[in-house]
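Inspection log for the structure reproduced underneath, given as structure tokens.
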Amino acid sequence: MLTAQALADLVARTALRDRSAFADLYQHASAKLFGVLLRILKDRAEAEDALQEVFIRVWQKAHGYSSDRASAMTWMITIARNHAIDRLRQRREVTSGLDAAETVADSAPTPEAEAIATSERARIDTCLDELEADKAGAVRSAYIEGWSYQELADRYSVPVNTMRTWLRRSLLKLRDCLSL
Amino acid sequence: MSDQITYDGGDEDDILAAEYVLGVLDAPERAAADRRLLDDRQFAGRVARWQQDLAPFDAAYAEVTPPPQILGAIQARLFDRPAPHGLFRRLWSGVGFWRGVAAVSLAALALGAVITVYSPPTPGPSLVTTIAANNSDVSFVALYDSARDQLRVRQTSGTGADGDKSYELWVIPVGQKPVSLGVLAAETSKRALPADLAALIRAGATLAVTLEPLGGSPSGDPTGPVLAAGAIQAI
């Protein structure tokens with residue numbers, strides 16, 4: 001796995017229209033981004049289509065990436081998540097995802113990803129621990145699975161307005177904790 | 001009892017930013033937030049902070065190798081496009097200073113895609129590029145006289161860099177790291193290149209301008225956003 005700096009260099013060279021750097025970037029980032037898209041879209045063919053779109057956006061938006069704001073991988077995952085969630089929200093049938101959820105296995109993150117995320121995660125975990133377990137779980141699932149308020153409400157068997165209130169209160173608490 | 005909660009303006013925006021990053025908003029709400037991100041810097045800052053705060057969740061995404069044909073499909077979509085001549089003519093006619101340099105082949109970067117335009121070449125020792133980008137209003141034209149190793153760069157749109165910033169010019173040989181050609185201090189600049197830098201100015205290489213701290217990048221590598229880039233082509 002490349003260091004964060006090496007990956008940021010590939011994004012910078014991609015911004016400068018370096019096609020070989022773009023191909024290298026794909027080699028090093030596509031598996032992670034494909035994992036993101038599969039987890040959220042839960043449909044292999046659609047995830048493959050989305051992966052093309054995501055890398056086209058990476059090529060087009062690379063000049064806007066600045067390494068002092070986020071790691072290159074975080075920046076690319078943000079593009080992938082946003083694209084996948086946009087696709088999800090445009091699907092008519094949101095409930096079909098519930099059954100399909102089991103078809104994509106939860107696999108463990110790579111050791112490298114674990115190591116990189118450890119210090120940051122400690123902070124968010126500490127803050128999530130201050131929430132009730134199901135509310136912390138709702139925040140986490142919303143992010144990782146890309147669930148809408150309606151899907152969260154179905155999963156937790158509460159009315160959607162109640163879920164909205166829960167989540168918003170949880171986010172305020174989380175923000176206060178994170179900014180300490 | 002209502003389920004509605006009211007917050008002060010900052011809280012409301014911060015919650016909206018978090019909902020956007022989490023992804024729980026519906027399609028119209030997401031579209032509205034996307035539009036707002038374009039011109040509301042404070043909101044964009046809130047979104048960026050939530051993205052950073054929640055990014056540790058990304059560790060939960062396992063890597064899955066995609067099928068091998070996808071990279072080729074992406075490259076075909078990005079790079080195998082016919083040249084739109086109309087855009088070229090508009091770009092070119094806006095650049096009065098360089099109009100004397102007729103009949104060139106020139107590559108511009110606009111709307112996020114590489115647009116290569118070809119006109120019949122005439123004999124001459126020079127290389128030229130426009131350096132332009134979609135989401136900044138700064139663009140440049142560069143002309144390299146290989147007989148005298150002299151590079152001339154002229155800014156054709158946009159303002160100069162803010163007081164504490166500089167525009168820095170780079171050449172990126174194919175497959176290599178950017179090499180600085182120095183800071184662009186004035187609207188028009190002319191510089192004689194030493195042999196080692198002159199050797200890098202070749203058709204196919206890219207010229208780019210980045211925004212750097214005053215006086216140029218302290219590290220020798222680009223650190224700021226790329227404002228404009230264009231491929232070098234022979235006249």
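All residue names refer to the structure tokens as shown: chains lettered A, B, ... in order, residues numbered from 1 in each chain, ligands numbered from 1 in order.
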If we count only C-alpha atoms, which residues of chain B reach to within 6 Å of chain A? Please list them as number ranges by chain.
-> B: 22-24, 26-27, 56, 59-65, 74, 112, 175, 225-226
Write the residues of the preceding selection, restricted to N, CA, C and O atoms, as a short mmCIF file (atom, residue, chain, number, x, y, z; two decimals), in the first residue's frame.
data_model
loop_
_atom_site.label_atom_id
_atom_site.label_comp_id
_atom_site.auth_asym_id
_atom_site.auth_seq_id
_atom_site.Cartn_x
_atom_site.Cartn_y
_atom_site.Cartn_z
N LEU B 22 -23.45 12.28 6.17
CA LEU B 22 -23.94 10.93 6.48
C LEU B 22 -24.63 10.32 5.27
O LEU B 22 -24.53 9.12 5.03
N GLY B 23 -25.38 11.15 4.55
CA GLY B 23 -26.08 10.65 3.37
C GLY B 23 -27.56 10.38 3.59
O GLY B 23 -28.20 9.76 2.76
N VAL B 24 -28.12 10.87 4.72
CA VAL B 24 -29.51 10.53 5.03
C VAL B 24 -30.55 11.41 4.31
O VAL B 24 -31.73 11.11 4.34
N ASP B 26 -32.86 13.15 1.37
CA ASP B 26 -33.45 12.62 0.14
C ASP B 26 -32.89 13.38 -1.07
O ASP B 26 -32.13 14.34 -0.91
N ALA B 27 -33.28 12.95 -2.27
CA ALA B 27 -32.66 13.49 -3.48
C ALA B 27 -32.81 15.02 -3.62
O ALA B 27 -31.81 15.70 -3.90
N PRO B 56 -13.02 8.37 9.80
CA PRO B 56 -12.56 7.10 10.39
C PRO B 56 -13.51 5.93 10.12
O PRO B 56 -13.07 4.78 10.10
N ALA B 59 -12.77 3.04 7.47
CA ALA B 59 -12.02 1.80 7.72
C ALA B 59 -12.93 0.57 7.62
O ALA B 59 -12.45 -0.54 7.41
N ALA B 60 -14.24 0.78 7.76
CA ALA B 60 -15.17 -0.36 7.70
C ALA B 60 -15.35 -0.89 6.27
O ALA B 60 -15.87 -1.98 6.08
N TYR B 61 -14.93 -0.12 5.27
CA TYR B 61 -15.09 -0.57 3.89
C TYR B 61 -13.95 -1.50 3.51
O TYR B 61 -12.79 -1.10 3.50
N ALA B 62 -14.30 -2.75 3.20
CA ALA B 62 -13.28 -3.73 2.80
C ALA B 62 -12.89 -3.49 1.34
O ALA B 62 -13.69 -3.00 0.55
N GLU B 63 -11.63 -3.83 1.02
CA GLU B 63 -11.21 -3.70 -0.37
C GLU B 63 -11.73 -4.88 -1.20
O GLU B 63 -11.70 -6.02 -0.75
N VAL B 64 -12.25 -4.57 -2.38
CA VAL B 64 -12.73 -5.61 -3.30
C VAL B 64 -12.16 -5.28 -4.67
O VAL B 64 -12.40 -4.19 -5.20
N THR B 65 -11.37 -6.19 -5.22
CA THR B 65 -10.75 -5.91 -6.52
C THR B 65 -11.81 -5.88 -7.62
O THR B 65 -12.56 -6.85 -7.77
N ILE B 74 -12.74 3.30 -18.49
CA ILE B 74 -12.61 4.68 -18.00
C ILE B 74 -11.70 5.48 -18.93
O ILE B 74 -12.02 6.61 -19.33
N GLY B 112 -12.91 20.24 -17.79
CA GLY B 112 -12.42 19.03 -17.16
C GLY B 112 -11.92 17.97 -18.11
O GLY B 112 -11.47 16.93 -17.70
N GLY B 175 4.96 11.14 -17.28
CA GLY B 175 5.31 10.10 -16.32
C GLY B 175 6.28 10.54 -15.23
O GLY B 175 6.78 9.72 -14.49
N PRO B 225 -3.59 24.22 -4.97
CA PRO B 225 -4.45 23.74 -6.04
C PRO B 225 -3.92 24.10 -7.42
O PRO B 225 -3.26 25.12 -7.60
N VAL B 226 -4.18 23.25 -8.39
CA VAL B 226 -3.79 23.52 -9.77
C VAL B 226 -4.84 24.45 -10.38
O VAL B 226 -6.02 24.12 -10.43
#
Residue neighbourhood B:Ser157, 9 Å, only C-alpha atoms, exclusion window fewer than 5 positions, as a PDB file with N, CA, C and O atoms, in the first residue's frame:
ATOM      1  N   ASP B 137     -10.948  31.115 -13.027  1.00  0.00           N
ATOM      2  CA  ASP B 137     -11.063  32.005 -14.172  1.00  0.00           C
ATOM      3  C   ASP B 137      -9.690  32.448 -14.650  1.00  0.00           C
ATOM      4  O   ASP B 137      -9.558  33.392 -15.396  1.00  0.00           O
ATOM      5  N   VAL B 138      -8.652  31.743 -14.208  1.00  0.00           N
ATOM      6  CA  VAL B 138      -7.299  32.113 -14.578  1.00  0.00           C
ATOM      7  C   VAL B 138      -6.848  31.261 -15.760  1.00  0.00           C
ATOM      8  O   VAL B 138      -6.994  30.051 -15.734  1.00  0.00           O
ATOM      9  N   SER B 139      -6.340  31.891 -16.805  1.00  0.00           N
ATOM     10  CA  SER B 139      -5.778  31.114 -17.901  1.00  0.00           C
ATOM     11  C   SER B 139      -4.551  31.823 -18.465  1.00  0.00           C
ATOM     12  O   SER B 139      -4.349  33.020 -18.252  1.00  0.00           O
ATOM     13  N   PHE B 140      -3.731  31.077 -19.132  1.00  0.00           N
ATOM     14  CA  PHE B 140      -2.453  31.576 -19.631  1.00  0.00           C
ATOM     15  C   PHE B 140      -2.205  31.023 -21.030  1.00  0.00           C
ATOM     16  O   PHE B 140      -2.773  30.000 -21.405  1.00  0.00           O
TER      17      PHE B 140
END
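Of note, atom CA of B:Tyr167 and atom CA of B:Leu200 are spaced 19.9 Å apart.
Coordinates place atom CA of B:Val47 at a distance of 17.5 Å from atom CA of B:Pro28.
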Give the helix (DSSP H, G or I) residues of chain A, as DSSP finds them on the backbone, and put them as JSON, numbers by chain.
-> {"A": [4, 5, 6, 7, 8, 9, 10, 11, 12, 13, 14, 15, 19, 20, 21, 22, 23, 24, 25, 26, 27, 28, 29, 30, 31, 32, 33, 34, 35, 36, 37, 38, 39, 40, 41, 44, 45, 46, 47, 48, 49, 50, 51, 52, 53, 54, 55, 56, 57, 58, 59, 60, 61, 62, 63, 64, 72, 73, 74, 75, 76, 77, 78, 79, 80, 81, 82, 83, 84, 85, 86, 87, 88, 89, 90, 96, 97, 98, 99, 100, 101, 102, 103, 111, 112, 113, 114, 115, 116, 117, 118, 119, 120, 121, 122, 123, 124, 125, 126, 127, 128, 129, 133, 134, 135, 136, 137, 138, 139, 140, 141, 142, 143, 144, 145, 149, 150, 151, 152, 153, 154, 155, 156, 160, 161, 162, 163, 164, 165, 166, 167, 168, 169, 170, 171, 172, 173, 174, 175, 176, 177, 178]}
Residues near B:Ala32, anyone? I mean within 12 Å using only C-alpha atoms, not counting same-chain ones fewer than 6 positions away, as a PDB file with C-alpha atoms, in the first residue's frame.
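Saved file selection.pdb follows:
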ATOM      1  CA  LEU B  16     -27.660  19.896   7.682  1.00  0.00           C
ATOM      2  CA  ALA B  17     -23.962  19.543   6.843  1.00  0.00           C
ATOM      3  CA  TYR B  20     -25.413  15.629   3.991  1.00  0.00           C
ATOM      4  CA  LEU B  25     -31.055  13.376   3.008  1.00  0.00           C
ATOM      5  CA  ASP B  26     -33.447  12.620   0.138  1.00  0.00           C
ATOM      6  CA  LEU B  38     -20.914  25.891  -4.734  1.00  0.00           C
ATOM      7  CA  ASP B  39     -21.289  29.399  -3.326  1.00  0.00           C
ATOM      8  CA  ASP B  40     -21.547  29.164   0.480  1.00  0.00           C
TER       9      ASP B  40
END
Please, what distance in Å, to one decimal, runs between atom CA of A:Ala72 and atom CA of B:Pro222?
-> 14.8 Å
Write out as a ChimeraX atom specification which residues come within 10 Å of B:Arg152 when counting only C-alpha atoms, dropping same-chain ones fewer than 4 positions away.
-> /B:128,141-145,188-192
Keeping only C-alpha atoms, write those residues as a PDB file, in the first residue's frame.
ATOM      1  CA  VAL B 128       2.838  26.483 -27.657  1.00  0.00           C
ATOM      2  CA  VAL B 141      -0.833  31.139 -22.997  1.00  0.00           C
ATOM      3  CA  ALA B 142       2.732  29.922 -23.238  1.00  0.00           C
ATOM      4  CA  LEU B 143       5.079  30.059 -26.213  1.00  0.00           C
ATOM      5  CA  TYR B 144       8.469  28.409 -26.221  1.00  0.00           C
ATOM      6  CA  ASP B 145      11.102  29.402 -28.727  1.00  0.00           C
ATOM      7  CA  THR B 188       3.604  38.811 -19.083  1.00  0.00           C
ATOM      8  CA  SER B 189       6.891  37.109 -18.409  1.00  0.00           C
ATOM      9  CA  LYS B 190       9.798  36.062 -20.560  1.00  0.00           C
ATOM     10  CA  ARG B 191      12.560  33.837 -19.296  1.00  0.00           C
ATOM     11  CA  ALA B 192      15.575  32.117 -20.755  1.00  0.00           C
TER      12      ALA B 192
END
Quick one: residues within 12 Å of B:Pro194, only C-alpha atoms counted, chain neighbours fewer than 6 positions away excluded, as a list in words?
->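 What passes the distance filter is Ser146, Arg148, Asp149, Gln150, Leu151, Leu181, Leu200 and Ile201 of chain B.
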Selected residue, from B:Ala76, B:Ser217, B:Lys177, B:Leu193, that lies nearest to A:Ala6 when counting only C-alpha atoms |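 Residue with the minimum atom-to-atom distance to A:Ala6: B:Lys177.
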